[in-house]
Amino acid sequence: HVIDEFGDSLLVIDGGECQVGIESAIVDCSGEHPVLLRPGQLGRERLEAVAGGVFGAPDEKSPRASGTLDAHYAPSAKLRLMPTAMLNTALQMLGGSALKLAVYSRSVRLPPGSPLRWRPMPDDPDRAAHELFSTLRELDAEGPDLIWVEEPPLSTAWDGVRDRLSRAAAA
């Protein structure tokens with residue numbers, strides 16, 4: 001993925017498939033209280049337990065670290081992150097549209113024979129984090145006009161996946 005993103009002029013040491021999939025959390029410990037700048041797959045609670053207290057909120061003085069910009073990796077096709085009900089409604093409204101669409105969702109299933117490309121999002125946040133970038137790249141390689149993604153659950157276990165999808169949708 002690194003070579004695909006930045007070109008083959010970089011020297012890349014390939015250690016094989018990573019176990020987590022998304023990048024790690026970024027915690028700023030330079031101030032009075034630690035601040036979570038970017039969630040990873042370790043939940044906030046686990047990080048706060050190790051840090052010995054509750055994290056403060058990032059503000060305008062917080063450092064800008066790699067991977068904390070509003071837009072991060074995004075497929076070439078425009079990615080739209082949608083709540084479950086909105087995704088269901090949007091798919092029903094498509095009808096016989098010629099739109100070339102890919103869908104990545106947990107609870108929204110496409111009927112057999114649908115012309116749309118669908119990939120199931122795992123119900124497990126760790127599995128979803130592991131597969132996230134490779135799934136987005138796979139869907140994008142098929143040349144869709146749009147990629148619609150069902151929003152992950154609003155739990156801290158899904159913070160890292162939700163963060164990366166939000167950044168991909170912002171690009």
# chains A, B, ... in the order shown; residues from 1 in each chain; ligands from 1
$ closest_atom_pairs --of "range 88-145 of chain A" --to "range 23-26 of chain A" --cutoff "12 Å" --atoms "only C-alpha atoms" --output "tab-separated table"
residue	atom	partner	partner_atom	distance
A:Ala129	CA	A:Glu23	CA	9.2
A:His130	CA	A:Glu23	CA	9.9
A:Leu132	CA	A:Glu23	CA	10.9
A:Phe133	CA	A:Glu23	CA	10.3
$ write_last_selection --atoms "all heavy atoms" --output "mmCIF file, in the first residue's frame"
data_model
loop_
_atom_site.group_PDB
_atom_site.id
_atom_site.type_symbol
_atom_site.label_atom_id
_atom_site.label_comp_id
_atom_site.auth_asym_id
_atom_site.auth_seq_id
_atom_site.Cartn_x
_atom_site.Cartn_y
_atom_site.Cartn_z
ATOM 1 N N ALA A 129 -10.583 -3.023 11.556
ATOM 2 C CA ALA A 129 -9.363 -2.209 11.490
ATOM 3 C C ALA A 129 -8.299 -2.901 10.651
ATOM 4 O O ALA A 129 -7.606 -2.272 9.852
ATOM 5 C CB ALA A 129 -8.830 -1.940 12.896
ATOM 6 N N HIS A 130 -8.190 -4.203 10.826
ATOM 7 C CA HIS A 130 -7.191 -4.978 10.099
ATOM 8 C C HIS A 130 -7.432 -4.928 8.596
ATOM 9 O O HIS A 130 -6.507 -4.827 7.799
ATOM 10 C CB HIS A 130 -7.200 -6.423 10.602
ATOM 11 C CG HIS A 130 -6.195 -7.287 9.934
ATOM 12 N ND1 HIS A 130 -6.515 -8.109 8.876
ATOM 13 C CD2 HIS A 130 -4.873 -7.440 10.142
ATOM 14 C CE1 HIS A 130 -5.433 -8.738 8.471
ATOM 15 N NE2 HIS A 130 -4.418 -8.356 9.215
ATOM 16 N N LEU A 132 -9.420 -2.638 6.896
ATOM 17 C CA LEU A 132 -9.956 -1.377 6.385
ATOM 18 C C LEU A 132 -9.269 -0.871 5.126
ATOM 19 O O LEU A 132 -9.910 -0.688 4.086
ATOM 20 C CB LEU A 132 -9.913 -0.294 7.466
ATOM 21 C CG LEU A 132 -10.477 1.049 7.031
ATOM 22 C CD1 LEU A 132 -11.953 0.944 6.704
ATOM 23 C CD2 LEU A 132 -10.231 2.090 8.107
ATOM 24 N N PHE A 133 -7.980 -0.627 5.182
ATOM 25 C CA PHE A 133 -7.304 -0.023 4.033
ATOM 26 C C PHE A 133 -7.253 -0.962 2.833
ATOM 27 O O PHE A 133 -7.432 -0.523 1.695
ATOM 28 C CB PHE A 133 -5.905 0.461 4.414
ATOM 29 C CG PHE A 133 -5.938 1.630 5.355
ATOM 30 C CD1 PHE A 133 -5.259 1.584 6.560
ATOM 31 C CD2 PHE A 133 -6.637 2.787 5.044
ATOM 32 C CE1 PHE A 133 -5.281 2.666 7.427
ATOM 33 C CE2 PHE A 133 -6.673 3.870 5.901
ATOM 34 C CZ PHE A 133 -5.993 3.804 7.108
#
$ residues_around --residues "Arg44 in chain A" --least-positions-apart "5" --cutoff "9 Å" --atoms "only C-alpha atoms" --output "PyMOL selection string"
chain A and resi 36+39+49+54-55+156-157+159
$ residues_around --residues "range 82-96 of chain A" --least-positions-apart "3" --cutoff "8 Å" --atoms "only C-alpha atoms" --output "list in words"
Ser107, Val108, Trp148, Val149, Glu150 and Glu151 of chain A
$ write_last_selection --atoms "all heavy atoms" --output "CSV table (one decimal), in the first residue's frame"
chain,number,residue,atom,x,y,z
A,107,SER,N,-24.5,-3.9,8.5
A,107,SER,CA,-25.9,-4.3,8.6
A,107,SER,C,-26.7,-4.2,7.3
A,107,SER,O,-27.7,-4.8,7.2
A,107,SER,CB,-26.6,-3.6,9.7
A,107,SER,OG,-26.6,-2.2,9.5
A,108,VAL,N,-26.2,-3.4,6.4
A,108,VAL,CA,-27.0,-3.2,5.1
A,108,VAL,C,-26.4,-4.2,4.1
A,108,VAL,O,-25.2,-4.3,3.8
A,108,VAL,CB,-26.8,-1.8,4.6
A,108,VAL,CG1,-27.4,-1.6,3.2
A,108,VAL,CG2,-27.3,-0.8,5.6
A,148,TRP,N,-19.9,4.1,-0.8
A,148,TRP,CA,-20.7,4.4,0.3
A,148,TRP,C,-20.4,3.4,1.5
A,148,TRP,O,-20.3,2.2,1.3
A,148,TRP,CB,-22.2,4.3,0.0
A,148,TRP,CG,-22.7,5.4,-0.9
A,148,TRP,CD1,-22.0,6.5,-1.3
A,148,TRP,CD2,-24.0,5.4,-1.5
A,148,TRP,NE1,-22.8,7.2,-2.1
A,148,TRP,CE2,-24.0,6.6,-2.3
A,148,TRP,CE3,-25.1,4.6,-1.5
A,148,TRP,CZ2,-25.2,7.0,-3.0
A,148,TRP,CZ3,-26.2,5.0,-2.2
A,148,TRP,CH2,-26.2,6.2,-2.9
A,149,VAL,N,-20.1,4.0,2.7
A,149,VAL,CA,-19.7,3.2,3.8
A,149,VAL,C,-20.7,3.5,5.0
A,149,VAL,O,-20.9,4.6,5.3
A,149,VAL,CB,-18.3,3.6,4.2
A,149,VAL,CG1,-17.8,2.8,5.5
A,149,VAL,CG2,-17.3,3.4,3.1
A,150,GLU,N,-21.1,2.4,5.6
A,150,GLU,CA,-22.0,2.5,6.7
A,150,GLU,C,-21.1,2.9,7.9
A,150,GLU,O,-20.1,2.4,8.2
A,150,GLU,CB,-22.6,1.1,7.0
A,150,GLU,CG,-23.5,1.1,8.2
A,150,GLU,CD,-24.1,-0.3,8.5
A,150,GLU,OE1,-23.8,-1.2,7.8
A,150,GLU,OE2,-24.9,-0.4,9.5
A,151,GLU,N,-21.6,3.9,8.7
A,151,GLU,CA,-20.9,4.4,9.8
A,151,GLU,C,-20.7,3.2,10.8
A,151,GLU,O,-21.7,2.5,11.1
A,151,GLU,CB,-21.6,5.5,10.5
A,151,GLU,CG,-21.5,6.8,9.8
A,151,GLU,CD,-22.3,8.0,10.5
A,151,GLU,OE1,-23.1,7.7,11.5
A,151,GLU,OE2,-22.1,9.1,10.1
$ atom_distance --atom1 "CA of Ser166 in chain A" --atom2 "CA of Lys61 in chain A"
22.1 Å
$ residues_around --residues "Leu101 in chain A" --least-positions-apart "4" --cutoff "12 Å" --atoms "only C-alpha atoms" --output "JSON, numbers by chain"
{"A": [77, 78, 79, 80, 90, 91, 94, 97, 110, 114, 115, 116, 117, 118, 119, 139, 140, 142, 143, 144, 145, 146, 147, 148, 149]}
$ select_by_dssp --residues "range 22-125 of chain A" --states "helix (DSSP H, G or I)" --output "JSON, numbers by chain"
{"A": [44, 45, 46, 47, 48, 49, 50, 51, 84, 85, 86, 87, 88, 89, 90, 91, 92, 93, 94, 125]}
$ residues_around --residues "Asp126 in chain A" --least-positions-apart "6" --cutoff "10 Å" --atoms "only C-alpha atoms" --output "ChimeraX atom specification"
/A:19-22,41-42,132,157-158,160-161
$ atom_distance --atom1 "CA of Pro120 in chain A" --atom2 "CA of Gly40 in chain A"
21.4 Å
$ atom_distance --atom1 "CA of Gly52 in chain A" --atom2 "CA of Ser30 in chain A"
15.0 Å
$ closest_residue --among "A:Leu47, A:Leu37, A:Ala102, A:Cys29" --to "Glu138 in chain A" --atoms "only C-alpha atoms"
A:Ala102
